[in-house]
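Asks: Below is a structure I'd like to ask you about.
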There are 2 protein chains.
Amino acid sequence: MFTPLVQELINSLRCLAGVGQKSAQRMAFQLLQKDRDAGFALAETLRTALTKVGHCQRCQTFSEFPLCSICTNPSRDPSQLCIVEIPTDVFALEQTRSYNGLYFVLMGHLSPIDGIGPDEIHIAELKQRLETENITEIILATGATVEGEATAHYIASLVQNTDTRCSRLAHGIPLDGELGYLDTGTLSRAITARTTLV
Amino acid sequence: MFTPLVQELINSLRCLAGVGQKSAQRMAFQLLQKDRDAGFALAETLRTALTKVGHCQRCQTFSEFPLCSICTNPSRDPSQLCIVEIPTDVFALEQTRSYNGLYFVLMGHLSPIDGIGPDEIHIAELKQRLETENITEIILATGATVEGEATAHYIASLVQNTDTRCSRLAHGIPLDGELGYLDTGTLSRAITARTTLV
């Protein structure tokens, strides 16, 4: 129905996260019809970024430099280390402007069923940082999923008998969350972890 | 927050139709983390397609060849010409398997307010086809919008005093459509254009 090259473009666009047949068609036609320059720029950036972007040697996030912009920022507090699963988690936390320490990006979570053990999530590098750097607190910000919880517990066990404080992001009712729409698990955590006001 | 090259990749991905900040981030990280090969392939296909794909000389749809695969298919009926706005409309109609004629893609619709007149939607080429080819019916399949209707009426006026039959896709209640959820305009058209059963 489409000529081979147009079909190939549609198929290629489907490699992008969350893009199905219809979105890919829409993207292809919009690029062909209105936005060829932006398309060429995208092709060029894709090639450059995929060639040059590797991982920060210190926190494992994506970076084209040996160290990322947070790890090299002298105004960040090096005594706090926040441990997250993926680079977008860093972005989400940075947007809160509530944290000024450093990060460690696991690039995944423990999931034995998928063959992802401590080696795959850079636990050796994390251990080394905990031993060589003067870190007084690690903040576990892995996801509130089974794997995220397991990963958090595993990492907590690493610092169990040391002076390093270990905390976990609070679970509870999200702001603007109506009790009636919340799942039982979250509500149960909110009751158990209730905070004293007076 | 992100290194410049990662940020540039995210920004570039936003040129795609329907992609906002969060989707672009997700796409960028998925490509960097899991799918570098697919990303390189996409960059290559983008460059090739945007360089080579032009328009079919006969029906104006996207094609890297002088004529598209439908225009060159000898089993299509050349006496019927279906007039649509954009190439995806051809795809949608082809999927119905209810039509075996040829197409003419306007690549837009009349919209004087945006400076889109008959010249911009290839009316001269359409006229030439109507004069030189043996077309017995044109089927107006432009959108059911104000601009689509105006375009349909304009094209209908071109064949008014000729032997060429001119039809328009039927408007009415979509299959599985519940009357209570339909807009008044559609329902009004469905009553006016009611079909006799017995």
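Within each chain, counting starts at residue 1; across the structure tokens, chains are named A, B, ... in the order shown, with ligands numbered 1 upward in that order.
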Against chain B, which residues of chain A fall within 8 Å? For each one I want the closest pair of atoms and the distance in Å (one decimal), counting only C-alpha atoms, rows by chain and increasing residue number, as JSON lines.

Replies:
```
{"residue": "A:Met1", "atom": "CA", "partner": "B:Phe91", "partner_atom": "CA", "distance": 6.7}
{"residue": "A:Phe2", "atom": "CA", "partner": "B:Ser69", "partner_atom": "CA", "distance": 7.3}
{"residue": "A:Thr3", "atom": "CA", "partner": "B:Ser63", "partner_atom": "CA", "distance": 5.7}
{"residue": "A:Leu5", "atom": "CA", "partner": "B:Ala49", "partner_atom": "CA", "distance": 6.0}
{"residue": "A:Val6", "atom": "CA", "partner": "B:Ala49", "partner_atom": "CA", "distance": 6.7}
{"residue": "A:Glu8", "atom": "CA", "partner": "B:Thr45", "partner_atom": "CA", "distance": 7.1}
{"residue": "A:Leu9", "atom": "CA", "partner": "B:Thr45", "partner_atom": "CA", "distance": 5.8}
{"residue": "A:Ser12", "atom": "CA", "partner": "B:Leu42", "partner_atom": "CA", "distance": 5.2}
{"residue": "A:Leu13", "atom": "CA", "partner": "B:Leu42", "partner_atom": "CA", "distance": 6.6}
{"residue": "A:Cys15", "atom": "CA", "partner": "B:Ala38", "partner_atom": "CA", "distance": 6.3}
{"residue": "A:Leu16", "atom": "CA", "partner": "B:Met27", "partner_atom": "CA", "distance": 5.6}
{"residue": "A:Ala17", "atom": "CA", "partner": "B:Met27", "partner_atom": "CA", "distance": 5.0}
{"residue": "A:Gly18", "atom": "CA", "partner": "B:Ser23", "partner_atom": "CA", "distance": 7.9}
{"residue": "A:Ser23", "atom": "CA", "partner": "B:Ala17", "partner_atom": "CA", "distance": 7.8}
{"residue": "A:Gln25", "atom": "CA", "partner": "B:Thr88", "partner_atom": "CA", "distance": 7.3}
{"residue": "A:Arg26", "atom": "CA", "partner": "B:Ala17", "partner_atom": "CA", "distance": 6.7}
{"residue": "A:Met27", "atom": "CA", "partner": "B:Ala17", "partner_atom": "CA", "distance": 5.0}
{"residue": "A:Phe29", "atom": "CA", "partner": "B:Pro87", "partner_atom": "CA", "distance": 7.7}
{"residue": "A:Gln30", "atom": "CA", "partner": "B:Ala17", "partner_atom": "CA", "distance": 6.7}
{"residue": "A:Leu31", "atom": "CA", "partner": "B:Leu16", "partner_atom": "CA", "distance": 7.3}
{"residue": "A:Leu32", "atom": "CA", "partner": "B:Leu50", "partner_atom": "CA", "distance": 6.3}
{"residue": "A:Asp35", "atom": "CA", "partner": "B:Cys15", "partner_atom": "CA", "distance": 8.0}
{"residue": "A:Arg36", "atom": "CA", "partner": "B:Leu50", "partner_atom": "CA", "distance": 6.1}
{"residue": "A:Ala38", "atom": "CA", "partner": "B:Cys15", "partner_atom": "CA", "distance": 6.3}
{"residue": "A:Gly39", "atom": "CA", "partner": "B:Leu46", "partner_atom": "CA", "distance": 6.7}
{"residue": "A:Phe40", "atom": "CA", "partner": "B:Arg47", "partner_atom": "CA", "distance": 5.9}
{"residue": "A:Ala41", "atom": "CA", "partner": "B:Ser12", "partner_atom": "CA", "distance": 7.1}
{"residue": "A:Leu42", "atom": "CA", "partner": "B:Ser12", "partner_atom": "CA", "distance": 5.2}
{"residue": "A:Ala43", "atom": "CA", "partner": "B:Ala43", "partner_atom": "CA", "distance": 4.1}
{"residue": "A:Glu44", "atom": "CA", "partner": "B:Ala43", "partner_atom": "CA", "distance": 6.9}
{"residue": "A:Thr45", "atom": "CA", "partner": "B:Leu9", "partner_atom": "CA", "distance": 5.8}
{"residue": "A:Leu46", "atom": "CA", "partner": "B:Ala43", "partner_atom": "CA", "distance": 6.0}
{"residue": "A:Arg47", "atom": "CA", "partner": "B:Phe40", "partner_atom": "CA", "distance": 5.9}
{"residue": "A:Ala49", "atom": "CA", "partner": "B:Leu5", "partner_atom": "CA", "distance": 6.0}
{"residue": "A:Leu50", "atom": "CA", "partner": "B:Arg36", "partner_atom": "CA", "distance": 6.1}
{"residue": "A:Val53", "atom": "CA", "partner": "B:Val6", "partner_atom": "CA", "distance": 7.3}
{"residue": "A:Phe62", "atom": "CA", "partner": "B:Val6", "partner_atom": "CA", "distance": 7.4}
{"residue": "A:Ser63", "atom": "CA", "partner": "B:Thr3", "partner_atom": "CA", "distance": 5.7}
{"residue": "A:Glu64", "atom": "CA", "partner": "B:Leu5", "partner_atom": "CA", "distance": 6.9}
{"residue": "A:Cys68", "atom": "CA", "partner": "B:Thr3", "partner_atom": "CA", "distance": 6.6}
{"residue": "A:Ser69", "atom": "CA", "partner": "B:Thr3", "partner_atom": "CA", "distance": 6.4}
{"residue": "A:Ile70", "atom": "CA", "partner": "B:Met1", "partner_atom": "CA", "distance": 7.0}
{"residue": "A:Pro87", "atom": "CA", "partner": "B:Phe29", "partner_atom": "CA", "distance": 7.6}
{"residue": "A:Thr88", "atom": "CA", "partner": "B:Gln25", "partner_atom": "CA", "distance": 7.3}
{"residue": "A:Phe91", "atom": "CA", "partner": "B:Met1", "partner_atom": "CA", "distance": 6.6}
{"residue": "A:Glu94", "atom": "CA", "partner": "B:Met1", "partner_atom": "CA", "distance": 7.4}
```

Asks: Going by DSSP on the backbone, which residues of range 43-139 of chain A come out as helix (DSSP H, G or I)? List them as an MDAnalysis selection string.

Replies: chainID A and resid 43:52 87:96 112:114 123:132

Asks: Once DSSP has gone over the backbone, tell me which residues of range 108-188 of chain B are in strand (DSSP E or B), as a PDB file with all heavy atoms, in the first residue's frame.

Replies:
```pdb
ATOM      1  N   SER B 111      -8.431  25.984   2.384  1.00  0.00           N
ATOM      2  CA  SER B 111      -8.534  26.714   3.634  1.00  0.00           C
ATOM      3  C   SER B 111      -8.012  28.125   3.398  1.00  0.00           C
ATOM      4  O   SER B 111      -6.852  28.421   3.702  1.00  0.00           O
ATOM      5  CB  SER B 111      -7.727  25.991   4.721  1.00  0.00           C
ATOM      6  OG  SER B 111      -7.807  26.688   5.937  1.00  0.00           O
ATOM      7  N   ILE B 116      -4.469  28.438   1.730  1.00  0.00           N
ATOM      8  CA  ILE B 116      -4.459  27.224   0.917  1.00  0.00           C
ATOM      9  C   ILE B 116      -5.618  27.281  -0.082  1.00  0.00           C
ATOM     10  O   ILE B 116      -6.787  27.127   0.290  1.00  0.00           O
ATOM     11  CB  ILE B 116      -4.551  25.965   1.786  1.00  0.00           C
ATOM     12  CG1 ILE B 116      -3.361  25.945   2.754  1.00  0.00           C
ATOM     13  CG2 ILE B 116      -4.543  24.710   0.912  1.00  0.00           C
ATOM     14  CD1 ILE B 116      -3.402  24.833   3.756  1.00  0.00           C
ATOM     15  N   GLU B 137     -16.359   8.050 -12.693  1.00  0.00           N
ATOM     16  CA  GLU B 137     -16.882   8.446 -11.377  1.00  0.00           C
ATOM     17  C   GLU B 137     -15.772   8.995 -10.505  1.00  0.00           C
ATOM     18  O   GLU B 137     -14.692   8.392 -10.409  1.00  0.00           O
ATOM     19  CB  GLU B 137     -17.528   7.240 -10.671  1.00  0.00           C
ATOM     20  CG  GLU B 137     -18.075   7.618  -9.292  1.00  0.00           C
ATOM     21  CD  GLU B 137     -18.741   6.465  -8.551  1.00  0.00           C
ATOM     22  OE1 GLU B 137     -18.687   5.326  -9.051  1.00  0.00           O
ATOM     23  OE2 GLU B 137     -19.287   6.719  -7.464  1.00  0.00           O
ATOM     24  N   ILE B 138     -16.014  10.124  -9.854  1.00  0.00           N
ATOM     25  CA  ILE B 138     -15.089  10.549  -8.804  1.00  0.00           C
ATOM     26  C   ILE B 138     -15.814  10.416  -7.462  1.00  0.00           C
ATOM     27  O   ILE B 138     -17.002  10.733  -7.338  1.00  0.00           O
ATOM     28  CB  ILE B 138     -14.538  11.987  -9.002  1.00  0.00           C
ATOM     29  CG1 ILE B 138     -15.650  13.030  -9.020  1.00  0.00           C
ATOM     30  CG2 ILE B 138     -13.687  12.095 -10.249  1.00  0.00           C
ATOM     31  CD1 ILE B 138     -15.110  14.454  -9.009  1.00  0.00           C
ATOM     32  N   ILE B 139     -15.072   9.879  -6.482  1.00  0.00           N
ATOM     33  CA  ILE B 139     -15.644   9.671  -5.152  1.00  0.00           C
ATOM     34  C   ILE B 139     -14.965  10.652  -4.212  1.00  0.00           C
ATOM     35  O   ILE B 139     -13.747  10.587  -4.010  1.00  0.00           O
ATOM     36  CB  ILE B 139     -15.399   8.221  -4.686  1.00  0.00           C
ATOM     37  CG1 ILE B 139     -16.101   7.265  -5.646  1.00  0.00           C
ATOM     38  CG2 ILE B 139     -15.864   8.016  -3.260  1.00  0.00           C
ATOM     39  CD1 ILE B 139     -15.568   5.853  -5.597  1.00  0.00           C
ATOM     40  N   LEU B 140     -15.717  11.559  -3.653  1.00  0.00           N
ATOM     41  CA  LEU B 140     -15.138  12.583  -2.788  1.00  0.00           C
ATOM     42  C   LEU B 140     -15.025  12.034  -1.365  1.00  0.00           C
ATOM     43  O   LEU B 140     -16.029  11.796  -0.697  1.00  0.00           O
ATOM     44  CB  LEU B 140     -15.999  13.844  -2.819  1.00  0.00           C
ATOM     45  CG  LEU B 140     -16.099  14.470  -4.218  1.00  0.00           C
ATOM     46  CD1 LEU B 140     -17.156  15.551  -4.250  1.00  0.00           C
ATOM     47  CD2 LEU B 140     -14.747  15.021  -4.649  1.00  0.00           C
ATOM     48  N   ARG B 165     -19.700  10.977 -13.104  1.00  0.00           N
ATOM     49  CA  ARG B 165     -20.543  10.888 -11.919  1.00  0.00           C
ATOM     50  C   ARG B 165     -19.710  11.350 -10.715  1.00  0.00           C
ATOM     51  O   ARG B 165     -18.494  11.128 -10.683  1.00  0.00           O
ATOM     52  CB  ARG B 165     -20.957   9.426 -11.735  1.00  0.00           C
ATOM     53  CG  ARG B 165     -22.296   9.254 -11.042  1.00  0.00           C
ATOM     54  CD  ARG B 165     -22.604   7.772 -10.857  1.00  0.00           C
ATOM     55  NE  ARG B 165     -22.974   7.515  -9.477  1.00  0.00           N
ATOM     56  CZ  ARG B 165     -22.869   6.359  -8.877  1.00  0.00           C
ATOM     57  NH1 ARG B 165     -22.385   5.311  -9.521  1.00  0.00           N
ATOM     58  NH2 ARG B 165     -23.234   6.218  -7.614  1.00  0.00           N
ATOM     59  N   CYS B 166     -20.354  11.960  -9.756  1.00  0.00           N
ATOM     60  CA  CYS B 166     -19.616  12.452  -8.594  1.00  0.00           C
ATOM     61  C   CYS B 166     -20.334  12.015  -7.328  1.00  0.00           C
ATOM     62  O   CYS B 166     -21.518  12.306  -7.151  1.00  0.00           O
ATOM     63  CB  CYS B 166     -19.533  13.984  -8.683  1.00  0.00           C
ATOM     64  SG  CYS B 166     -18.777  14.731  -7.252  1.00  0.00           S
ATOM     65  N   SER B 167     -19.646  11.274  -6.471  1.00  0.00           N
ATOM     66  CA  SER B 167     -20.301  10.816  -5.241  1.00  0.00           C
ATOM     67  C   SER B 167     -19.488  11.236  -4.024  1.00  0.00           C
ATOM     68  O   SER B 167     -18.349  11.682  -4.132  1.00  0.00           O
ATOM     69  CB  SER B 167     -20.482   9.301  -5.269  1.00  0.00           C
ATOM     70  OG  SER B 167     -19.224   8.682  -5.422  1.00  0.00           O
ATOM     71  N   ARG B 168     -20.098  11.106  -2.861  1.00  0.00           N
ATOM     72  CA  ARG B 168     -19.433  11.503  -1.612  1.00  0.00           C
ATOM     73  C   ARG B 168     -19.584  10.331  -0.658  1.00  0.00           C
ATOM     74  O   ARG B 168     -20.622   9.656  -0.660  1.00  0.00           O
ATOM     75  CB  ARG B 168     -20.156  12.755  -1.058  1.00  0.00           C
ATOM     76  CG  ARG B 168     -19.631  13.289   0.262  1.00  0.00           C
ATOM     77  CD  ARG B 168     -18.824  14.547   0.033  1.00  0.00           C
ATOM     78  NE  ARG B 168     -18.434  15.213   1.295  1.00  0.00           N
ATOM     79  CZ  ARG B 168     -17.268  14.969   1.914  1.00  0.00           C
ATOM     80  NH1 ARG B 168     -16.407  14.109   1.428  1.00  0.00           N
ATOM     81  NH2 ARG B 168     -16.971  15.625   3.031  1.00  0.00           N
TER      82      ARG B 168
END
```

Asks: Need to verify the contact set: Leu106 in chain B, 12 Å, only C-alpha atoms, exclusion of same-chain residues closer than 3 positions in sequence. Can you return it as a ChimeraX atom specification?

Replies: /B:55-56,58-62,82-90,103,109-110,116-126,140-143,148,151-152,155

Asks: Would you save the residues from that selection as a PDB file, in the first residue's frame, using C-alpha atoms?

Replies:
```pdb
ATOM      1  CA  HIS B  55       5.364  12.495  -4.511  1.00  0.00           C
ATOM      2  CA  CYS B  56       3.769  10.155  -7.034  1.00  0.00           C
ATOM      3  CA  ARG B  58      -0.035  10.823 -10.880  1.00  0.00           C
ATOM      4  CA  CYS B  59      -1.794  10.809  -7.475  1.00  0.00           C
ATOM      5  CA  GLN B  60       0.567  12.971  -5.314  1.00  0.00           C
ATOM      6  CA  THR B  61       0.873  10.407  -2.517  1.00  0.00           C
ATOM      7  CA  PHE B  62       4.303   9.826  -0.977  1.00  0.00           C
ATOM      8  CA  CYS B  82     -11.252   8.537  -5.129  1.00  0.00           C
ATOM      9  CA  ILE B  83     -10.161  11.968  -3.893  1.00  0.00           C
ATOM     10  CA  VAL B  84      -8.685  12.125  -0.396  1.00  0.00           C
ATOM     11  CA  GLU B  85      -6.863  14.726   1.671  1.00  0.00           C
ATOM     12  CA  ILE B  86      -3.740  12.904   2.877  1.00  0.00           C
ATOM     13  CA  PRO B  87      -1.840   9.634   2.228  1.00  0.00           C
ATOM     14  CA  THR B  88      -3.057   8.004   5.480  1.00  0.00           C
ATOM     15  CA  ASP B  89      -6.609   8.293   4.103  1.00  0.00           C
ATOM     16  CA  VAL B  90      -5.520   6.028   1.217  1.00  0.00           C
ATOM     17  CA  TYR B 103      -6.724   7.714  -5.874  1.00  0.00           C
ATOM     18  CA  HIS B 109      -7.832  20.832   1.902  1.00  0.00           C
ATOM     19  CA  LEU B 110      -9.045  24.254   0.817  1.00  0.00           C
ATOM     20  CA  ILE B 116      -4.459  27.224   0.917  1.00  0.00           C
ATOM     21  CA  GLY B 117      -6.295  27.663  -2.371  1.00  0.00           C
ATOM     22  CA  PRO B 118      -6.847  25.410  -5.413  1.00  0.00           C
ATOM     23  CA  ASP B 119      -3.194  25.714  -6.506  1.00  0.00           C
ATOM     24  CA  GLU B 120      -1.907  24.324  -3.202  1.00  0.00           C
ATOM     25  CA  ILE B 121      -4.092  21.215  -3.415  1.00  0.00           C
ATOM     26  CA  HIS B 122      -3.128  20.326  -7.001  1.00  0.00           C
ATOM     27  CA  ILE B 123      -6.490  21.130  -8.590  1.00  0.00           C
ATOM     28  CA  ALA B 124      -4.802  21.808 -11.954  1.00  0.00           C
ATOM     29  CA  GLU B 125      -3.372  18.273 -12.007  1.00  0.00           C
ATOM     30  CA  LEU B 126      -6.761  16.889 -11.010  1.00  0.00           C
ATOM     31  CA  LEU B 140     -15.138  12.583  -2.788  1.00  0.00           C
ATOM     32  CA  ALA B 141     -13.559  11.221   0.397  1.00  0.00           C
ATOM     33  CA  THR B 142     -12.392  14.456   1.973  1.00  0.00           C
ATOM     34  CA  GLY B 143     -12.986  14.869   5.707  1.00  0.00           C
ATOM     35  CA  GLY B 148     -13.320  18.971   3.853  1.00  0.00           C
ATOM     36  CA  THR B 151     -13.169  21.112  -0.792  1.00  0.00           C
ATOM     37  CA  ALA B 152     -15.670  18.429  -1.802  1.00  0.00           C
ATOM     38  CA  ILE B 155     -14.312  19.641  -6.734  1.00  0.00           C
TER      39      ILE B 155
END
```

Asks: State, in Å with one decimal place, the distance from CA of Glu133 in chain A to CA of Asn73 in chain A.

Replies: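 Calculated distance between CA of Glu133 in chain A and CA of Asn73 in chain A is 16.0 Å.
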